[in-house]
$ cat my_file-v2.txt   # compact mmCIF, C-alpha atoms and all ligand atoms
# COMPACT_ATOMS: atom_id res chain seq x y z
CA MET C 1 123.76 93.29 109.76
CA GLU C 2 123.29 94.78 106.31
CA THR C 3 126.19 92.74 104.98
CA ARG C 4 124.70 89.54 106.30
CA LEU C 5 121.27 90.35 104.89
CA ILE C 6 122.77 91.10 101.49
CA GLY C 7 124.79 87.89 101.57
CA ARG C 8 121.67 85.90 102.29
CA GLY C 9 119.75 87.73 99.56
CA ILE C 10 122.47 86.93 97.03
CA LEU C 11 122.44 83.28 98.11
CA ALA C 12 118.64 83.07 97.84
CA GLY C 13 118.74 84.78 94.42
CA ALA C 14 121.44 82.46 93.09
CA VAL C 15 119.51 79.37 94.18
CA GLY C 16 116.30 80.84 92.75
CA GLY C 17 118.09 81.53 89.47
CA LEU C 18 119.40 77.99 89.38
CA LEU C 19 115.90 76.56 89.91
CA ALA C 20 114.49 78.88 87.24
CA PHE C 21 117.25 77.71 84.88
CA LEU C 22 116.39 74.04 85.44
CA PHE C 23 112.75 74.86 84.73
CA ALA C 24 113.77 76.83 81.64
CA ARG C 25 116.02 74.05 80.36
CA VAL C 26 113.17 71.52 80.54
CA PHE C 27 110.17 73.62 79.53
CA ALA C 28 111.34 76.74 77.70
CA GLU C 29 114.13 75.39 75.51
CA PRO C 30 111.86 73.21 73.31
CA GLN C 31 109.68 76.27 72.67
CA ILE C 32 112.70 78.48 71.98
CA GLN C 33 114.04 75.88 69.54
CA ALA C 34 110.64 75.69 67.83
CA ALA C 35 110.68 79.48 67.47
CA ILE C 36 114.20 79.46 66.02
CA ASP C 37 113.23 76.69 63.58
CA TYR C 38 110.25 78.80 62.53
CA GLU C 39 112.54 81.78 62.02
CA SER C 40 114.96 79.77 59.84
CA GLY C 41 112.15 78.27 57.78
CA ARG C 42 110.58 81.65 57.27
CA ASP C 43 113.90 83.24 56.30
CA ALA C 44 114.39 80.47 53.73
CA ALA C 45 110.91 81.02 52.31
CA GLN C 46 111.49 84.77 52.19
CA GLY C 47 114.83 84.15 50.48
CA ALA C 48 113.13 82.02 47.81
CA LEU C 49 110.53 84.73 47.23
CA ASP C 50 113.22 87.40 46.98
CA LYS C 51 115.21 85.29 44.56
CA ALA C 52 112.12 84.71 42.39
CA ALA C 53 111.56 88.47 42.40
CA GLY C 54 115.17 89.03 41.34
CA LEU C 55 116.33 90.50 44.66
CA GLY C 56 119.66 89.69 46.28
CA ALA C 57 119.87 87.33 49.24
CA ALA C 58 120.05 88.77 52.75
CA PRO C 59 123.53 88.44 54.30
CA GLU C 60 124.02 85.43 56.59
CA MET C 61 124.60 86.25 60.25
CA PRO C 62 127.74 84.58 61.61
CA GLU C 63 127.02 82.28 64.54
CA ILE C 64 129.03 83.29 67.62
CA PHE C 65 127.84 80.61 70.03
CA SER C 66 126.32 77.33 68.93
CA ARG C 67 122.73 76.58 69.85
CA THR C 68 124.02 73.89 72.21
CA ILE C 69 126.03 76.47 74.17
CA GLN C 70 123.18 78.98 74.21
CA ALA C 71 120.53 76.44 75.24
CA ASN C 72 122.52 74.70 77.97
CA ILE C 73 125.10 77.10 79.37
CA GLY C 74 124.24 80.61 78.20
CA ILE C 75 120.68 80.47 79.47
CA GLY C 76 121.94 79.04 82.77
CA VAL C 77 124.46 81.84 83.29
CA GLY C 78 121.83 84.40 82.30
CA MET C 79 119.21 83.05 84.70
CA ILE C 80 121.62 82.71 87.63
CA VAL C 81 123.15 86.18 87.15
CA PHE C 82 119.66 87.65 86.89
CA GLY C 83 118.53 85.74 89.99
CA THR C 84 121.59 86.87 91.95
CA ALA C 85 121.02 90.48 90.94
CA MET C 86 117.37 90.29 91.94
CA GLY C 87 118.32 88.60 95.23
CA ALA C 88 120.75 91.43 96.00
CA LEU C 89 118.16 94.10 95.18
CA PHE C 90 115.62 92.17 97.23
CA ALA C 91 117.96 92.24 100.24
CA VAL C 92 118.53 95.98 99.84
CA VAL C 93 114.79 96.63 99.84
CA TYR C 94 114.32 94.21 102.74
CA ALA C 95 116.98 95.99 104.81
CA ILE C 96 115.44 99.37 104.10
CA SER C 97 111.96 98.08 104.96
CA LEU C 98 112.98 96.54 108.30
CA GLY C 99 111.30 98.44 111.08
CA ARG C 100 109.81 100.97 108.68
CA VAL C 101 106.71 99.09 107.61
CA GLY C 102 104.97 98.49 110.91
CA ASN C 103 104.37 95.20 112.66
CA VAL C 104 105.48 92.76 110.01
CA ARG C 105 107.36 89.69 111.11
CA PRO C 106 110.72 89.02 109.43
CA ARG C 107 109.45 86.00 107.51
CA ALA C 108 106.25 87.67 106.34
CA LEU C 109 108.25 90.71 105.25
CA ALA C 110 110.46 88.46 103.10
CA LEU C 111 107.43 87.13 101.25
CA LEU C 112 105.95 90.61 100.83
CA VAL C 113 109.17 92.05 99.38
CA ALA C 114 109.58 89.05 97.07
CA GLY C 115 105.99 89.48 95.88
CA ALA C 116 106.64 93.16 95.24
CA GLY C 117 109.77 92.30 93.24
CA PHE C 118 107.89 89.79 91.11
CA LEU C 119 105.16 92.34 90.40
CA ALA C 120 107.30 95.41 89.80
CA PHE C 121 110.26 93.89 87.96
CA TYR C 122 108.38 91.40 85.85
CA LEU C 123 104.63 90.81 85.95
CA VAL C 124 103.36 94.37 85.56
CA PRO C 125 105.73 95.20 82.66
CA PHE C 126 104.79 91.81 81.16
CA LEU C 127 101.11 92.83 81.08
CA LYS C 128 101.95 95.62 78.64
CA TYR C 129 104.92 94.08 76.83
CA PRO C 130 104.86 90.28 77.28
CA ALA C 131 107.92 88.11 76.76
CA ASN C 132 108.50 87.03 73.17
CA PRO C 133 110.45 84.04 71.82
CA PRO C 134 112.98 84.41 68.98
CA ALA C 135 111.38 85.17 65.57
CA ILE C 136 109.05 87.74 67.14
CA GLY C 137 110.36 91.28 67.07
CA HIS C 138 111.89 93.33 64.30
CA GLU C 139 115.58 94.23 64.39
CA GLU C 140 114.72 97.81 63.41
CA THR C 141 112.63 98.46 66.54
CA ILE C 142 114.88 96.94 69.22
CA GLY C 143 115.95 100.35 70.54
CA THR C 144 112.40 101.60 70.93
CA ARG C 145 111.18 98.30 72.37
CA SER C 146 113.94 98.24 74.99
CA GLY C 147 113.16 101.82 75.97
CA LEU C 148 109.45 101.08 76.29
CA TYR C 149 110.03 97.92 78.32
CA LEU C 150 112.43 99.62 80.72
CA THR C 151 109.98 102.52 81.03
CA MET C 152 107.35 100.02 82.17
CA VAL C 153 109.78 98.45 84.66
CA LEU C 154 110.80 101.83 86.05
CA ALA C 155 107.20 103.05 86.28
CA SER C 156 105.97 99.94 88.09
CA VAL C 157 108.92 99.97 90.53
CA VAL C 158 108.48 103.67 91.34
CA PHE C 159 104.70 103.48 91.58
CA LEU C 160 104.75 100.41 93.80
CA TRP C 161 107.29 102.12 96.06
CA LEU C 162 105.08 105.23 96.24
CA ALA C 163 102.01 103.07 96.87
CA VAL C 164 103.71 101.46 99.89
CA ILE C 165 104.62 104.89 101.29
CA ALA C 166 101.10 106.16 100.63
CA GLY C 167 99.66 103.09 102.33
CA GLN C 168 101.76 103.84 105.41
CA ARG C 169 100.51 107.41 105.51
CA LEU C 170 96.89 106.38 105.09
CA ARG C 171 97.04 103.68 107.74
CA PRO C 172 96.42 105.80 110.87
CA ARG C 173 93.31 107.23 109.29
CA PHE C 174 91.79 104.27 107.45
CA GLY C 175 93.26 101.24 109.18
CA THR C 176 95.59 98.67 107.62
CA TRP C 177 92.99 96.91 105.48
CA ASN C 178 91.48 99.99 103.85
CA ALA C 179 94.82 101.76 103.53
CA THR C 180 96.21 98.74 101.66
CA LEU C 181 93.20 98.67 99.35
CA LEU C 182 93.46 102.40 98.67
CA ALA C 183 97.18 102.21 97.95
CA GLY C 184 96.63 99.20 95.68
CA ALA C 185 93.90 101.00 93.77
CA GLY C 186 96.15 104.03 93.40
CA PHE C 187 98.94 101.84 92.02
CA ALA C 188 96.58 100.16 89.54
CA ALA C 189 95.21 103.51 88.36
CA ALA C 190 98.65 105.11 87.95
CA ILE C 191 100.24 102.19 86.11
CA GLY C 192 97.04 101.79 84.07
CA ILE C 193 97.45 105.33 82.78
CA VAL C 194 101.07 104.66 81.80
CA MET C 195 100.03 101.46 80.02
CA ALA C 196 97.30 103.29 78.16
CA VAL C 197 99.67 106.05 77.07
CA LEU C 198 102.57 103.85 75.92
CA PRO C 199 102.18 102.55 72.34
CA ALA C 200 101.49 98.96 71.35
CA LEU C 201 104.57 97.44 69.67
CA GLY C 202 102.71 96.98 66.39
CA GLU C 203 101.98 100.72 66.34
CA LEU C 204 105.64 101.80 66.27
CA SER C 205 106.23 103.95 63.19
CA TYR C 206 108.53 101.45 61.43
CA ASN C 207 105.97 98.67 61.93
CA VAL C 208 103.02 100.76 60.72
CA LYS C 209 105.00 101.74 57.63
CA GLU C 210 106.00 98.15 56.85
CA PHE C 211 103.02 96.11 58.06
CA GLY C 212 100.09 98.49 58.66
CA HIS C 213 98.30 98.91 61.98
CA ARG C 214 98.73 95.87 64.19
CA ALA C 215 98.86 95.24 67.94
CA THR C 216 102.11 93.28 68.00
CA GLU C 217 105.12 92.23 65.92
CA THR C 218 104.11 88.55 65.85
CA PRO C 219 104.73 87.36 62.25
CA LEU C 220 101.69 86.94 60.02
CA PRO C 221 101.63 84.33 57.21
CA LEU C 222 104.13 85.02 54.44
CA LYS C 223 102.48 85.52 51.03
CA ASP C 224 103.89 85.51 47.52
CA GLY C 225 103.04 88.08 44.86
CA ASN C 226 99.66 86.46 44.17
CA GLY C 227 98.59 86.53 47.80
CA THR C 228 99.07 82.78 48.23
CA ILE C 229 100.33 81.82 51.68
CA VAL C 230 103.77 80.25 51.26
CA PHE C 231 104.72 80.10 54.95
CA PRO C 232 102.39 80.11 57.99
CA GLY C 233 102.19 82.77 60.67
CA PHE C 234 103.89 82.17 64.02
CA ASP C 235 102.52 79.15 65.89
CA ALA C 236 100.09 80.45 68.53
CA ASP C 237 100.63 77.44 70.76
CA VAL C 238 104.40 77.97 70.86
CA LEU C 239 103.85 81.61 71.78
CA ALA C 240 101.30 80.80 74.49
CA SER C 241 103.50 78.10 76.03
CA PHE C 242 106.59 80.27 75.93
CA ARG C 243 104.81 83.10 77.75
CA LEU C 244 103.24 80.81 80.32
CA TYR C 245 106.63 79.25 81.07
CA SER C 246 108.21 82.68 81.24
CA VAL C 247 105.76 83.67 83.98
CA GLY C 248 106.37 80.29 85.64
CA ALA C 249 110.14 80.81 85.73
CA GLN C 250 109.85 84.25 87.32
CA LEU C 251 107.34 82.86 89.82
CA ILE C 252 109.82 80.12 90.75
CA LEU C 253 112.65 82.64 91.05
CA TRP C 254 110.82 85.09 93.32
CA THR C 255 109.14 82.39 95.39
CA ALA C 256 112.53 80.81 96.00
CA ILE C 257 114.03 84.17 96.99
CA GLY C 258 111.22 84.76 99.49
CA LEU C 259 111.12 81.25 100.93
CA ILE C 260 114.89 80.80 101.20
CA PHE C 261 115.54 84.27 102.59
CA ALA C 262 112.66 84.17 105.11
CA PRO C 263 114.04 81.62 107.61
CA LEU C 264 117.60 82.90 107.19
CA ALA C 265 116.55 86.47 107.99
CA ASP C 266 114.31 85.26 110.80
CA ARG C 267 117.21 83.48 112.47
CA LEU C 268 119.52 86.45 111.96
CA LEU C 269 117.06 88.99 113.32
CA THR C 270 115.76 86.88 116.19
CA ALA C 271 119.33 86.22 117.28
CA ALA C 272 119.99 89.92 117.02
CA LYS C 273 117.03 90.70 119.28
CA THR C 274 118.15 88.37 122.07
CA PRO C 275 121.95 88.25 122.01
CA ALA C 276 123.43 85.54 124.15
CA PRO C 277 125.08 87.27 127.11
CA ALA C 278 128.06 84.93 127.21
CA GLU C 279 129.41 85.41 123.72
CA ALA C 280 129.30 88.67 121.90
CA PRO C 281 127.57 88.46 118.51
CA VAL C 282 130.01 88.55 115.66
CA THR C 283 129.15 90.98 112.94
CA VAL C 284 130.67 91.32 109.56
CA MET Q 1 131.10 97.60 116.59
CA SER Q 2 127.98 95.57 116.83
CA SER Q 3 125.25 96.46 114.44
CA MET Q 4 122.68 95.03 116.80
CA SER Q 5 120.95 98.18 117.83
CA VAL Q 6 117.78 99.31 119.42
CA PRO Q 7 115.32 100.88 117.00
CA ALA Q 8 116.54 104.24 115.81
CA ALA Q 9 115.45 107.29 117.74
CA GLY Q 10 112.20 108.81 116.61
CA ARG Q 11 110.69 105.50 115.63
CA VAL Q 12 107.78 104.28 117.67
CA PRO Q 13 108.73 101.05 119.43
CA THR Q 14 106.31 98.26 118.66
CA ALA Q 15 105.38 95.30 120.76
CA VAL Q 16 105.34 92.78 117.96
CA PRO Q 17 108.72 91.96 116.40
CA ALA Q 18 109.50 94.90 114.20
CA PRO Q 19 113.09 94.06 114.65
CA VAL Q 20 116.37 95.68 113.95
CA VAL Q 21 116.25 98.95 112.15
CA VAL Q 22 119.21 99.35 109.87
CA PRO Q 23 120.35 102.91 110.50
CA ALA Q 24 120.03 104.75 107.23
CA ALA Q 25 123.16 106.88 107.36
CA ARG Q 26 125.63 104.08 108.01
CA ALA Q 27 124.09 101.52 105.72
CA VAL Q 28 123.43 103.81 102.80
CA LEU Q 29 126.82 103.29 101.16
CA LEU Q 30 126.69 99.51 101.30
CA LEU Q 31 123.08 99.30 100.20
CA GLY Q 32 123.65 101.82 97.44
CA ALA Q 33 126.72 100.00 96.11
CA THR Q 34 124.89 96.66 96.19
CA ALA Q 35 121.94 98.12 94.33
CA MET Q 36 124.22 99.64 91.68
CA LEU Q 37 126.03 96.33 91.11
CA ALA Q 38 122.73 94.48 90.91
CA LEU Q 39 121.36 96.94 88.37
CA ALA Q 40 124.55 96.61 86.32
CA ALA Q 41 124.07 92.82 86.24
CA TYR Q 42 120.41 93.32 85.29
CA TYR Q 43 121.56 95.59 82.46
CA PHE Q 44 124.15 93.15 81.10
CA VAL Q 45 121.77 90.20 81.13
CA GLY Q 46 118.81 92.14 79.77
CA VAL Q 47 119.83 95.09 77.66
CA ASP Q 48 123.50 95.41 76.67
CA GLN Q 49 124.54 94.84 73.06
CA GLY Q 50 120.94 95.15 71.99
CA ALA Q 51 119.53 98.64 72.19
CA LEU Q 52 122.68 100.01 73.83
CA SER Q 53 126.18 98.65 73.99
CA VAL Q 54 129.07 99.49 76.27
CA PHE Q 55 131.51 97.38 74.24
CA GLY Q 56 130.73 98.82 70.82
CA SER Q 57 129.34 96.47 68.22
CA ASP Q 58 130.48 93.30 69.99
CA THR Q 59 127.62 90.85 70.59
CA HIS Q 60 129.22 88.11 72.70
CA ILE Q 61 127.26 88.83 75.88
CA HIS Q 62 124.03 89.21 73.93
CA GLU Q 63 124.53 85.94 72.07
CA PHE Q 64 125.67 84.04 75.14
CA VAL Q 65 122.73 84.94 77.41
CA HIS Q 66 120.41 85.18 74.40
CA ASP Q 67 117.85 82.55 75.44
CA SER Q 68 117.57 83.85 78.99
CA ARG Q 69 117.11 87.38 77.71
CA HIS Q 70 114.05 86.28 75.76
CA PHE Q 71 112.78 84.08 78.56
CA LEU Q 72 113.17 86.71 81.29
CA GLY Q 73 110.92 89.03 79.33
CA PHE Q 74 113.41 91.47 77.83
CA PRO Q 75 113.04 92.61 74.23
CA CYS Q 76 115.76 90.94 72.19
CA HIS Q 77 115.59 90.66 68.44
ZN ZN D 1 116.80 87.06 70.35
$ encode --input "my_file-v2.txt" --output "structure tokens" --more "lines below"
Ligand SMILES: [Zn+2]
Amino acid sequence: METRLIGRGILAGAVGGLLAFLFARVFAEPQIQAAIDYESGRDAAQGALDKAAGLGAAPEMPEIFSRTIQANIGIGVGMIVFGTAMGALFAVVYAISLGRVGNVRPRALALLVAGAGFLAFYLVPFLKYPANPPAIGHEETIGTRSGLYLTMVLASVVFLWLAVIAGQRLRPRFGTWNATLLAGAGFAAAIGIVMAVLPALGELSYNVKEFGHRATETPLPLKDGNGTIVFPGFDADVLASFRLYSVGAQLILWTAIGLIFAPLADRLLTAAKTPAPAEAPVTV
Amino acid sequence: MSSMSVPAAGRVPTAVPAPVVVPAARAVLLLGATAMLALAAYYFVGVDQGALSVFGSDTHIHEFVHDSRHFLGFPCH
């Protein structure tokens, strides 16, 4: 049974990843290209300033994969591998939850677990550290930023898991409705404290030293020695669209996982409940 | 042989379909291995060759999945 559930989770995740890739190819890639163009233009402007100031040019980064490969194939592989991984994790959580979370029907449970995955693995971490297109983010802080982001993911996964367990414990006393509200409030409070304690990206020590106190690493206008703006700050519309589409892609991925897995699991589990007497059910 | 089983002992049977309970002890290996593989894939798409790198200073994976890394919400550059 577990094997079949996992197989179906992987299938649902792969399809979800494929759909998210198609969405990304149409909506995200133009924004990503705009961000990369901004980055190149800004690097050129910075190079001209440095040259005027008598500084050497920054070394050129060799290109390993062309933009065409990255924007058409690389992003597809990335989205589908991610979707498959999330589908597999989804199925593991689904299998563990079966029969342990009270009277939830197989299809409803699929949607609940998918919703939890969307929240814990993406949306809650996004609230603190939202997705950024290329050109936003300093090379020097990538280690710290990765650590902070994964801390948010880990905290939201663990807290949501604990909130579900707490909700189960509270249910006999407060009823399903109030127990759910209490557990949800507990989750919000706990993750809220973590979000308040973790630093804003602009407040990392390297960034404060280089750019002063700021909330984020989003590039400000580039100025020459006289304070004249020679290159604009990062386009706010590109950033807003990129983030909106990023949420949209994850929503597509997790909705697909839930909706594809739900009927498959329902059929599997309903068949398991009433095995046909004539032929023995085949299990893998 | 069959994994179709009645709810595990100690669990209160429910009238509404709270269907097959996957027995923890037997399934734990499979579920654990699946979760580990999934997390490894998550790591390679999202993190490797950025903050950490299991293949030294090589950046092929990073560059290949680069756009999806940004778009899935991971810190990249
Ligand atoms: Zn990048």
$ residues_near_ligand --input "my_file-v2.txt" --ligand "ligand ZN 1 (chain D)" --cutoff "12 Å" --atoms "all atoms listed in the file" --output "ChimeraX atom specification"
/C:32-33,35-36,39,70,75,131-139,142 /Q:46-47,49-50,59,61-77
$ interface_residues --input "my_file-v2.txt" --of "chain C" --to "chain Q" --cutoff "7 Å" --atoms "all atoms listed in the file" --output "PDB file with C-alpha atoms, in the frame of the given file"
ATOM      1  CA  MET C   1     123.760  93.290 109.760  1.00  0.00           C
ATOM      2  CA  GLU C   2     123.290  94.780 106.310  1.00  0.00           C
ATOM      3  CA  ILE C  64     129.030  83.290  67.620  1.00  0.00           C
ATOM      4  CA  PHE C  65     127.840  80.610  70.030  1.00  0.00           C
ATOM      5  CA  GLN C  70     123.180  78.980  74.210  1.00  0.00           C
ATOM      6  CA  ALA C  71     120.530  76.440  75.240  1.00  0.00           C
ATOM      7  CA  GLY C  74     124.240  80.610  78.200  1.00  0.00           C
ATOM      8  CA  ILE C  75     120.680  80.470  79.470  1.00  0.00           C
ATOM      9  CA  VAL C  77     124.460  81.840  83.290  1.00  0.00           C
ATOM     10  CA  GLY C  78     121.830  84.400  82.300  1.00  0.00           C
ATOM     11  CA  MET C  79     119.210  83.050  84.700  1.00  0.00           C
ATOM     12  CA  VAL C  81     123.150  86.180  87.150  1.00  0.00           C
ATOM     13  CA  PHE C  82     119.660  87.650  86.890  1.00  0.00           C
ATOM     14  CA  ALA C  85     121.020  90.480  90.940  1.00  0.00           C
ATOM     15  CA  MET C  86     117.370  90.290  91.940  1.00  0.00           C
ATOM     16  CA  ALA C  88     120.750  91.430  96.000  1.00  0.00           C
ATOM     17  CA  LEU C  89     118.160  94.100  95.180  1.00  0.00           C
ATOM     18  CA  VAL C  92     118.530  95.980  99.840  1.00  0.00           C
ATOM     19  CA  ALA C  95     116.980  95.990 104.810  1.00  0.00           C
ATOM     20  CA  ILE C  96     115.440  99.370 104.100  1.00  0.00           C
ATOM     21  CA  LEU C  98     112.980  96.540 108.300  1.00  0.00           C
ATOM     22  CA  GLY C  99     111.300  98.440 111.080  1.00  0.00           C
ATOM     23  CA  GLY C 102     104.970  98.490 110.910  1.00  0.00           C
ATOM     24  CA  ASN C 103     104.370  95.200 112.660  1.00  0.00           C
ATOM     25  CA  VAL C 104     105.480  92.760 110.010  1.00  0.00           C
ATOM     26  CA  ARG C 105     107.360  89.690 111.110  1.00  0.00           C
ATOM     27  CA  PHE C 126     104.790  91.810  81.160  1.00  0.00           C
ATOM     28  CA  PRO C 130     104.860  90.280  77.280  1.00  0.00           C
ATOM     29  CA  ALA C 131     107.920  88.110  76.760  1.00  0.00           C
ATOM     30  CA  ASN C 132     108.500  87.030  73.170  1.00  0.00           C
ATOM     31  CA  PRO C 133     110.450  84.040  71.820  1.00  0.00           C
ATOM     32  CA  PRO C 134     112.980  84.410  68.980  1.00  0.00           C
ATOM     33  CA  GLY C 137     110.360  91.280  67.070  1.00  0.00           C
ATOM     34  CA  HIS C 138     111.890  93.330  64.300  1.00  0.00           C
ATOM     35  CA  GLU C 139     115.580  94.230  64.390  1.00  0.00           C
ATOM     36  CA  ILE C 142     114.880  96.940  69.220  1.00  0.00           C
ATOM     37  CA  GLY C 143     115.950 100.350  70.540  1.00  0.00           C
ATOM     38  CA  ARG C 145     111.180  98.300  72.370  1.00  0.00           C
ATOM     39  CA  SER C 146     113.940  98.240  74.990  1.00  0.00           C
ATOM     40  CA  SER C 246     108.210  82.680  81.240  1.00  0.00           C
ATOM     41  CA  LEU C 269     117.060  88.990 113.320  1.00  0.00           C
ATOM     42  CA  ALA C 272     119.990  89.920 117.020  1.00  0.00           C
ATOM     43  CA  LYS C 273     117.030  90.700 119.280  1.00  0.00           C
ATOM     44  CA  THR C 283     129.150  90.980 112.940  1.00  0.00           C
TER      45      THR C 283
END
$ atom_distance --input "my_file-v2.txt" --atom1 "atom CA of C:Phe118" --atom2 "atom CA of C:Thr151"
16.4 Å
$ axis_aligned_box --input "my_file-v2.txt" --around "stretch 59-64 of chain Q" --padding-each-side "5 Å" --output "AutoDock Vina command-line options"
--center_x 126.6 --center_y 87.4 --center_z 73.2 --size_x 15.2 --size_y 16.8 --size_z 15.3
$ atom_distance --input "my_file-v2.txt" --atom1 "atom CA of C:Tyr38" --atom2 "atom CA of C:Pro219"
10.2 Å
$ closest_residue --input "my_file-v2.txt" --among "C:Val101, C:Leu154, C:Val15, C:Ala166" --to "C:Val124" --atoms "all atoms listed in the file"
C:Leu154
